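Take a look at the structure below.
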Amino acid sequence: MTDEDYMDLALSLARKTIGQTSPNPCVGAVVVKDGQIAGMGAHLKAGTQHAEVHAIRMADGLARGAEIYVTLEPCSHHGKTPPCADLIIESGIKRVVIASIDPNPIVAGRGIAKLEAAGIEVEVGIRREEAEEINSAFFHFMRTSRPYVTIKAAASFDGKTAANTGDSQWITSPESREDVHRLRHEHDAILTGVNTVIHDNPQLTARLPRGGKNPIRVILDSTLRIPGDAAILHDQKAPVIIFTGSNYDNSKAEQIKALGTELVHFPEEEVPAGKVLEELGTRQILSVFVEGGSEIHASFIKEGLFQQIILYAAPKIIGGRKAVPFIGGEGISSMDQSTPLAFKSAERIGPDLKIIAVPQPEEGHHVHRIN
């Protein structure tokens with residue numbers, strides 16, 4: 001097996017933990033001695049042992065003189081757990097292969113420097129792109145202090161998300177809907193607008209066959225119109241945060257807070273999406289799954305507040321001028337005002353097509369494109 005093969009194994013371990021390690025990154029590690037796998041592990045939850053610790057403990061005495069493959073630079077600082085770089089040095093490992101440097105300012109090359117100072121051979125960059133893709137939310141948060149935003153929509157072939165009556169159940173297939181629940185599980189928070197709550201009374205939970213982690217539920221409601229009997233206010237399946245503007249009914253606010261729901265008020269009349277993301281960032285929320293209506297989607301796209309769009313396109317035509325589009329708002333007056341995207345991937349999910357697009361990258365940046 002090659003370095004790439006061993007790193008692929010470490011990446012597969014990290015990939016399986018997406019959605020359960022936040023605010024920490026997903027990390028996998030594999031210890032190899034004399035061409036044989038001696039230990040492996042993954043970081044499973046914030047505050048618990050890191051991937052390197054699990055792999056080295058499994059390898060036990062075989063770690064001395066071995067190699068370790070890690071998807072992210074070993075930490076060099078004391079946090080909730082001791083530095084992994086110190087453990088690697090103490091275990092006698094002779095070579096460390098790292099996919100990506102940790103963007104966290106308190107690490108950012110210090111782990112590598114500590115290993116090299118101890119005389120350990122270090123190689124960096126094998127499968128870097130794949131490793132950073134797994135931790136795209138973590139990397140984005142470390143650069144911006146804001147959560148990584150995914151906009152999701154389910155639409156007909158002609159881009160409609162509901163009929164002219166508002167009926168939208170169901171546009172896409174059960175397979176697509178299960179995939180959406182997996183994505184909810186993988187995100188720290190799910191965001192929608194009050195109109196969606198009023199019309200659909202959604203649960204906004206991750207309902208997977210084997211269970212899942214429910215995201216924090218975020219509602220944008222400028223004037224606090226949310227119904228008092230809305231399911232999310234009573235089911236206690238996950239925390240709820242409602243962001244409001246300056247004009248709301250104080251007595252209704254007290255009633256909602258009495259249910260255990262948190263209210264955050266802004267001085268503006270309309271809730272500013274950018275400030276919402278800033279506030280969520282202060283709470284160590286690394287990723288937000290936007291499942292809003294067409295107006296919420298329009299506001300996030302207009303302000304450039306997204307990192308990817310996932311569209312589930314069903315092989316159906318709804319038609320009609322009054323049918324609800326995927327993106328609302330007033331639209332643009334000329335094509336040079338359009339939002340340029342780059343297609344990242346496309347795949348079949350049951351009978352539907354799942355398309356992922358990202359903002360058009362700047363010169364010199366690479367985006368995987370579909371063939």
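Numbering starts fresh at 1 for the residues of each chain in the structure tokens, the chains themselves are lettered A, B, ... in the order given, and ligands are numbered from 1 as they appear.
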Exercise for the section: Would you kindly return, as an NGL selection string, each protein, DNA or RNA residue with an atom no farther than 8 Å from any atom of Glu121 of chain A, considering only C-alpha atoms and excluding same-chain residues fewer than 2 positions away? Expected result: :A and (94-96 or 115-116 or 119 or 123)
Export of prior selection with N, CA, C and O atoms as a compact mmCIF listing (two decimals), in the first residue's frame:
# COMPACT_ATOMS: atom_id res chain seq x y z
N LYS A 94 8.35 7.46 14.01
CA LYS A 94 9.48 8.04 13.27
C LYS A 94 9.06 8.95 12.11
O LYS A 94 9.85 9.77 11.65
N ARG A 95 7.85 8.77 11.61
CA ARG A 95 7.42 9.55 10.44
C ARG A 95 5.93 9.89 10.58
O ARG A 95 5.13 9.02 10.96
N VAL A 96 5.60 11.14 10.27
CA VAL A 96 4.22 11.59 10.34
C VAL A 96 3.82 12.14 8.98
O VAL A 96 4.48 13.03 8.44
N LEU A 115 7.07 18.53 16.00
CA LEU A 115 7.47 17.19 15.56
C LEU A 115 8.84 17.22 14.90
O LEU A 115 9.71 16.37 15.17
N GLU A 116 9.05 18.19 14.03
CA GLU A 116 10.34 18.29 13.33
C GLU A 116 11.47 18.61 14.29
O GLU A 116 12.59 18.12 14.15
N GLY A 119 13.02 15.66 15.73
CA GLY A 119 13.72 14.77 14.80
C GLY A 119 12.83 13.82 14.03
O GLY A 119 13.32 12.88 13.40
N GLU A 123 5.77 14.79 6.52
CA GLU A 123 5.39 15.08 5.14
C GLU A 123 3.96 15.63 5.15
O GLU A 123 3.07 15.06 5.79
Exercise for the section: List every residue of segment 188-341 of chain A that DSSP, applied to the backbone of this structure, places in strand (DSSP E), and write the result as a VMD selection string. Expected result: chain A and resid 189 to 193 216 to 220 240 to 244 262 to 265 287 to 290 308 to 313 324 to 325 341
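Each of A:Ile241, A:Ala99, A:Ile356, A:Ile310 was compared to Ala153 of chain A using only C-alpha atoms, and A:Ile310 turns out to be the nearest.
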Problem - For Ala55 of chain A: contacts at 6 Å, only C-alpha atoms, fewer than 2 positions along chain excluded, given as a count of residues only - result: 8
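Closest approach to Pro174 of chain A among A:Met335, A:Ile106, A:Ile349, A:Ala42 is made by A:Ile349 (distances from only C-alpha atoms).
Shortest separation to Ile296 of chain A among A:Ala258, A:Leu191, A:Ala14, A:Leu208 occurs at residue A:Leu191, atoms counted being only C-alpha atoms.
Of the residues under consideration (A:Leu220, A:Ile318, A:Thr150, A:Gly260), A:Thr150 shows the shortest atom-to-atom contact distance to Ala357 of chain A when counting only C-alpha atoms.
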Completion exercise
Shortest contact to Thr192 of chain A, candidates A:His43, A:His297, A:Lys257, A:Lys354, atoms counted only C-alpha atoms, goes to A:His297
Exercise for the section: From segment 45-250 of chain A, collect each residue whose DSSP state is alpha helix (DSSP H) and return the set as a ChimeraX atom specification. Expected result: /A:51-59,84-91,110-117,128-134,136-144,174-186,194-200,250
Practice task
For Thr21 of chain A, work out the shell of residues within 6 Å, counting only C-alpha atoms and skipping chain neighbours fewer than 2 positions away, then give it as an NGL selection string.
Solution key: :A and (24 or 44-46)
How about saving the chosen residues, all heavy atoms kept, as a compact mmCIF listing (two decimals), in the first residue's frame?
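selection11.txt was written with the following content:
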# COMPACT_ATOMS: atom_id res chain seq x y z
N ASN A 24 -15.15 20.95 16.96
CA ASN A 24 -13.86 20.42 16.52
C ASN A 24 -13.95 19.89 15.09
O ASN A 24 -15.04 19.58 14.60
CB ASN A 24 -13.42 19.28 17.45
CG ASN A 24 -12.95 19.78 18.80
OD1 ASN A 24 -12.93 20.98 19.05
ND2 ASN A 24 -12.61 18.86 19.69
N LEU A 44 -14.16 11.45 17.87
CA LEU A 44 -15.59 11.15 17.84
C LEU A 44 -16.46 12.28 18.36
O LEU A 44 -17.60 12.43 17.91
CB LEU A 44 -15.87 9.88 18.65
CG LEU A 44 -15.14 8.62 18.17
CD1 LEU A 44 -15.50 7.45 19.08
CD2 LEU A 44 -15.50 8.30 16.74
N LYS A 45 -15.93 13.08 19.29
CA LYS A 45 -16.76 14.12 19.87
C LYS A 45 -15.87 15.14 20.55
O LYS A 45 -14.83 14.79 21.13
CB LYS A 45 -17.74 13.51 20.89
CG LYS A 45 -18.75 14.48 21.47
CD LYS A 45 -19.68 13.76 22.44
CE LYS A 45 -20.71 14.72 23.03
NZ LYS A 45 -21.61 14.04 24.00
N ALA A 46 -16.26 16.41 20.49
CA ALA A 46 -15.48 17.46 21.14
C ALA A 46 -15.32 17.15 22.63
O ALA A 46 -16.27 16.74 23.30
CB ALA A 46 -16.17 18.81 20.96
Practice task
Write out as a list in words which residues come within 12 Å of Glu130 of chain A when counting only C-alpha atoms, dropping same-chain ones fewer than 5 positions away.
Solution key: Glu4, Met7, Asp8, Leu9, Ala10, Leu11, Ser12, Ala14, Arg15, Val27, Thr71, Leu72, Ala99, Ser100, Gly125, Asn135, Ser136, Val367 and His368 of chain A
Handout entry: Near-Val288 of chain A list (7 Å; only C-alpha atoms; drop same-chain fewer than 2 positions) as a PyMOL selection string
Key = chain A and resi 147-150+187-191+290
